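Visitor: Here it is: the structure, laid out below.
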Amino acid sequence: MAPRVQSRSVSNLLPYITSSSSSTSSSIPSLCSSSQSSRYFSATPAPQTKLRRQMFEWLSTQGSGLKHHTPGETNYLRMADGSQSNRPFPNNMTFISEPVLSEELRNEVYFRVKEQKKSPRAVSVELGIDMNRIAAVVRLVELERRQRDKVNFDSSPFFSSFEFSHSPPPRTQNDETPKNRLHCHTLVLCTKWSPPPPLAQAGERQTYHEPINDLPVHPATGAQIFYPVPESRPFTRVDAGRVFSGAPTLEKKVSDKITHPSDLVEDVIQKPGSIEWVGKGDNARQVLQPADVRIPHPQLVQLARDRAAFPEERRTVTQRHTERLERQEKAEKERAAHAAERRNRNTETIEPQDSRFSFRIKDAVVSEETVGKNGRAPWAPGRRYGVPTNDRTRGTVKIPTRVNV
Amino acid sequence: MVLRIRLARFGNKHQPFYNIVVAQARSARGSKPLEVIGTYNPLPAARTDASDAVSAPRAYKDITLDKVRAKYWLGVGAQASDPVWKLLNLARLVEEKPKTYNKA
């Protein structure tokens, strides 16, 4: 058995970044010296490919600038003209690094929603942040504050090792102390927020964080349909939605009343149940609404239309917009309260003293609607007898497709 | 023959789920009952709607029960099995059964 080399090379943690080329010896001297000393018995030069040599050349010239990053800026490869880009991978032009919310903007969102009691919809429009993100921010800031109350951040070595802010977020806007708060994450782009809200004051708009009114793609619109329409007949987005969902054409009386697709918004928001259904049984579906209704902020379309129609009456237009928003919010709140009430009416929660669990007793009523005419309807309470569960048959989707919370 | 209000097990291995059924006492567990009056899910579900004030919200178990039918069957002499008796007690339809260690 050949003698084992009990050398110090074991202590070299990165043996694969060793190089014998002279160009790199200056940039990484410690590695090179250790590599030479680790090859005591070899007379041949270390194998070096061209690419490998080029890599070390690049690391010592252009790449050396990327070794340390400037806080608050991205540390991505620069463009050919030396400008900073938001593309971390220059060969993949479709990959764009999106900015994240800065600490201040995040706290501002929370402040407006929780303390000023504004609706997420209004805050989304004011700050140009997607409504889902608004909801997520509020939840996470809430969670963060709860954790802060529990954990002593100053004494915890885990949290003090973070680069970003470890001072508690301001309780209100007034007691903000910028001196003890660093800017957010140092390696990615941030949408910054400067405390005096520029919205109302200077008349300039807050920098939008992201597009907020993106139309979600509805699966029904994926079909390619050839639908001939006579030129003499008006064919709007409302009609297109009906074609996509296979609904019969609207009667002329009804369609004449709709001057613009966004006229439907108010009705749908006030009474979402008023959307027509087509198809039977499992195939039943609601008629696809025009894009003006399905976008997250349909009121913005109406605002733009009002502005175009009455360019002189800015105050009236703004007032109409505010009223519309209030009506929407009121309807949404009422609907949520109604749903919660209906849920609680039939459910009783019991918390026995000697139990670790609580019990939710839901009233099931046996009637023709609840169990069907023969008492065996699939929606009747309880699992059904004589109905095979296909949870183990081949070819069926067994992974859960939805989460019930 | 005696009528029983009892549990009939459904669900898979390690995922029990019970129908609360009214059946003849000597019939098999999986046979068709006279009537299904509710369900019981013994697997506790974590609460997602708990407010911040509650530090450790209790997990909950779901029971559905047709109280009117349960009362009727109890009234005509159906006997609830022990597990069902506990559930009916939670729904305040029957008194708690005396426990053996309370007798003495």
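Letters for chains follow the order of the structure tokens (A, B, ...), residue numbers begin at 1 for each chain, and ligand numbers begin at 1 in the order shown.
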Considering only C-alpha atoms, extract the chain A residues located within 10 Å of chain B and return them as a ChimeraX atom specification.

Guide: /A:142-143,146,346-352,355-366,375-376,380-386,389,391,405

Visitor: Just to be explicit: take each residue in the selection above, keep N, CA and C atoms, and write the result as an mmCIF file, in the first residue's frame.

Guide:
```cif
data_model
loop_
_atom_site.group_PDB
_atom_site.id
_atom_site.type_symbol
_atom_site.label_atom_id
_atom_site.label_comp_id
_atom_site.auth_asym_id
_atom_site.auth_seq_id
_atom_site.Cartn_x
_atom_site.Cartn_y
_atom_site.Cartn_z
ATOM 1 N N GLU A 142 -47.888 42.377 10.839
ATOM 2 C CA GLU A 142 -48.594 41.985 12.058
ATOM 3 C C GLU A 142 -47.818 40.881 12.784
ATOM 4 N N LEU A 143 -47.436 39.875 11.991
ATOM 5 C CA LEU A 143 -46.703 38.739 12.542
ATOM 6 C C LEU A 143 -45.364 39.183 13.109
ATOM 7 N N ARG A 146 -45.755 40.881 16.395
ATOM 8 C CA ARG A 146 -46.048 39.932 17.462
ATOM 9 C C ARG A 146 -44.766 39.235 17.902
ATOM 10 N N ASN A 346 -75.362 28.467 12.037
ATOM 11 C CA ASN A 346 -75.580 27.023 12.103
ATOM 12 C C ASN A 346 -74.496 26.312 12.891
ATOM 13 N N THR A 347 -73.481 27.040 13.328
ATOM 14 C CA THR A 347 -72.364 26.373 13.974
ATOM 15 C C THR A 347 -72.248 26.813 15.427
ATOM 16 N N GLU A 348 -72.063 25.823 16.288
ATOM 17 C CA GLU A 348 -71.900 26.113 17.707
ATOM 18 C C GLU A 348 -70.541 25.580 18.117
ATOM 19 N N THR A 349 -69.738 26.394 18.774
ATOM 20 C CA THR A 349 -68.420 25.933 19.201
ATOM 21 C C THR A 349 -68.454 25.655 20.696
ATOM 22 N N ILE A 350 -68.025 24.471 21.063
ATOM 23 C CA ILE A 350 -68.030 24.081 22.472
ATOM 24 C C ILE A 350 -66.601 23.788 22.891
ATOM 25 N N GLU A 351 -66.204 24.362 24.009
ATOM 26 C CA GLU A 351 -64.848 24.129 24.505
ATOM 27 C C GLU A 351 -64.933 23.466 25.873
ATOM 28 N N PRO A 352 -64.962 22.134 25.919
ATOM 29 C CA PRO A 352 -65.046 21.459 27.208
ATOM 30 C C PRO A 352 -63.797 21.742 28.048
ATOM 31 N N SER A 355 -60.886 19.043 28.018
ATOM 32 C CA SER A 355 -60.436 18.566 26.717
ATOM 33 C C SER A 355 -59.398 19.516 26.131
ATOM 34 N N ARG A 356 -58.521 18.943 25.322
ATOM 35 C CA ARG A 356 -57.534 19.779 24.642
ATOM 36 C C ARG A 356 -58.133 20.428 23.401
ATOM 37 N N PHE A 357 -59.291 19.939 22.971
ATOM 38 C CA PHE A 357 -59.846 20.388 21.697
ATOM 39 C C PHE A 357 -61.153 21.124 21.905
ATOM 40 N N SER A 358 -61.507 21.896 20.900
ATOM 41 C CA SER A 358 -62.862 22.438 20.895
ATOM 42 C C SER A 358 -63.644 21.694 19.821
ATOM 43 N N PHE A 359 -64.947 21.725 19.945
ATOM 44 C CA PHE A 359 -65.788 20.977 19.027
ATOM 45 C C PHE A 359 -66.726 21.937 18.312
ATOM 46 N N ARG A 360 -66.792 21.816 17.005
ATOM 47 C CA ARG A 360 -67.722 22.650 16.235
ATOM 48 C C ARG A 360 -68.899 21.791 15.820
ATOM 49 N N ILE A 361 -70.029 22.090 16.378
ATOM 50 C CA ILE A 361 -71.210 21.298 16.048
ATOM 51 C C ILE A 361 -72.032 22.060 15.026
ATOM 52 N N LYS A 362 -72.121 21.472 13.854
ATOM 53 C CA LYS A 362 -72.872 22.123 12.791
ATOM 54 C C LYS A 362 -74.235 21.467 12.676
ATOM 55 N N ASP A 363 -75.247 22.272 12.499
ATOM 56 C CA ASP A 363 -76.594 21.735 12.361
ATOM 57 C C ASP A 363 -76.770 21.173 10.960
ATOM 58 N N ALA A 364 -77.081 19.891 10.895
ATOM 59 C CA ALA A 364 -77.447 19.324 9.601
ATOM 60 C C ALA A 364 -78.937 19.059 9.650
ATOM 61 N N VAL A 365 -79.634 19.478 8.664
ATOM 62 C CA VAL A 365 -81.084 19.297 8.672
ATOM 63 C C VAL A 365 -81.453 18.357 7.542
ATOM 64 N N VAL A 366 -82.184 17.317 7.892
ATOM 65 C CA VAL A 366 -82.634 16.382 6.863
ATOM 66 C C VAL A 366 -83.904 16.936 6.234
ATOM 67 N N GLY A 375 -83.137 10.684 -0.357
ATOM 68 C CA GLY A 375 -82.338 10.687 0.866
ATOM 69 C C GLY A 375 -80.888 10.336 0.642
ATOM 70 N N ARG A 376 -80.455 10.226 -0.596
ATOM 71 C CA ARG A 376 -79.087 9.785 -0.849
ATOM 72 C C ARG A 376 -78.324 10.755 -1.742
ATOM 73 N N ALA A 380 -75.715 15.318 0.807
ATOM 74 C CA ALA A 380 -76.326 15.070 2.105
ATOM 75 C C ALA A 380 -75.231 14.860 3.150
ATOM 76 N N PRO A 381 -75.520 15.097 4.434
ATOM 77 C CA PRO A 381 -74.475 14.916 5.446
ATOM 78 C C PRO A 381 -74.022 13.471 5.512
ATOM 79 N N GLY A 382 -72.751 13.281 5.785
ATOM 80 C CA GLY A 382 -72.207 11.948 5.928
ATOM 81 C C GLY A 382 -71.656 11.411 4.630
ATOM 82 N N ARG A 383 -70.755 10.425 4.782
ATOM 83 C CA ARG A 383 -70.230 9.749 3.590
ATOM 84 C C ARG A 383 -71.328 8.847 3.049
ATOM 85 N N ARG A 384 -71.305 8.608 1.759
ATOM 86 C CA ARG A 384 -72.390 7.856 1.125
ATOM 87 C C ARG A 384 -72.101 6.357 1.117
ATOM 88 N N TYR A 385 -73.175 5.574 1.193
ATOM 89 C CA TYR A 385 -73.066 4.128 1.086
ATOM 90 C C TYR A 385 -73.265 3.730 -0.362
ATOM 91 N N GLY A 386 -72.528 2.741 -0.803
ATOM 92 C CA GLY A 386 -72.714 2.218 -2.138
ATOM 93 C C GLY A 386 -72.150 3.108 -3.226
ATOM 94 N N THR A 389 -65.378 5.181 -3.684
ATOM 95 C CA THR A 389 -64.436 6.307 -3.641
ATOM 96 C C THR A 389 -63.302 5.974 -4.588
ATOM 97 N N ASP A 391 -60.451 7.115 -4.874
ATOM 98 C CA ASP A 391 -59.205 7.757 -4.476
ATOM 99 C C ASP A 391 -57.988 6.887 -4.731
ATOM 100 N N VAL A 405 -59.509 26.297 4.227
ATOM 101 C CA VAL A 405 -59.103 26.852 5.522
ATOM 102 C C VAL A 405 -60.321 27.439 6.204
#
```

Visitor: How far is it from atom CA of A:Glu326 to atom CA of A:Val293, in Å with one decimal?

Guide: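 For atom CA of A:Glu326 relative to atom CA of A:Val293, the distance reads 17.3 Å.
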
Visitor: Excluding same-chain residues fewer than 5 positions from B:Gln24, what lies within 7 Å of it counting only C-alpha atoms, as a ChimeraX atom specification?

Guide: /B:1-4

Visitor: According to DSSP computed on the backbone, where in stretch 261-330 of chain A is there helix (DSSP H, G or I)? Give the residues as a PyMOL selection string.

Guide: chain A and resi 261-270+272-274+281-283+291-294+298-309+314-330

Visitor: Show me, as a list of chain:residue names, the residues that have an atom within 8 Å of A:Ser262 when counting only C-alpha atoms, minus same-chain residues fewer than 2 positions from it.

Guide: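 Selected residues are A:His260, A:Leu264, A:Val265, A:Asp292, A:Val293, A:Pro298, A:Val301, A:Gln302.
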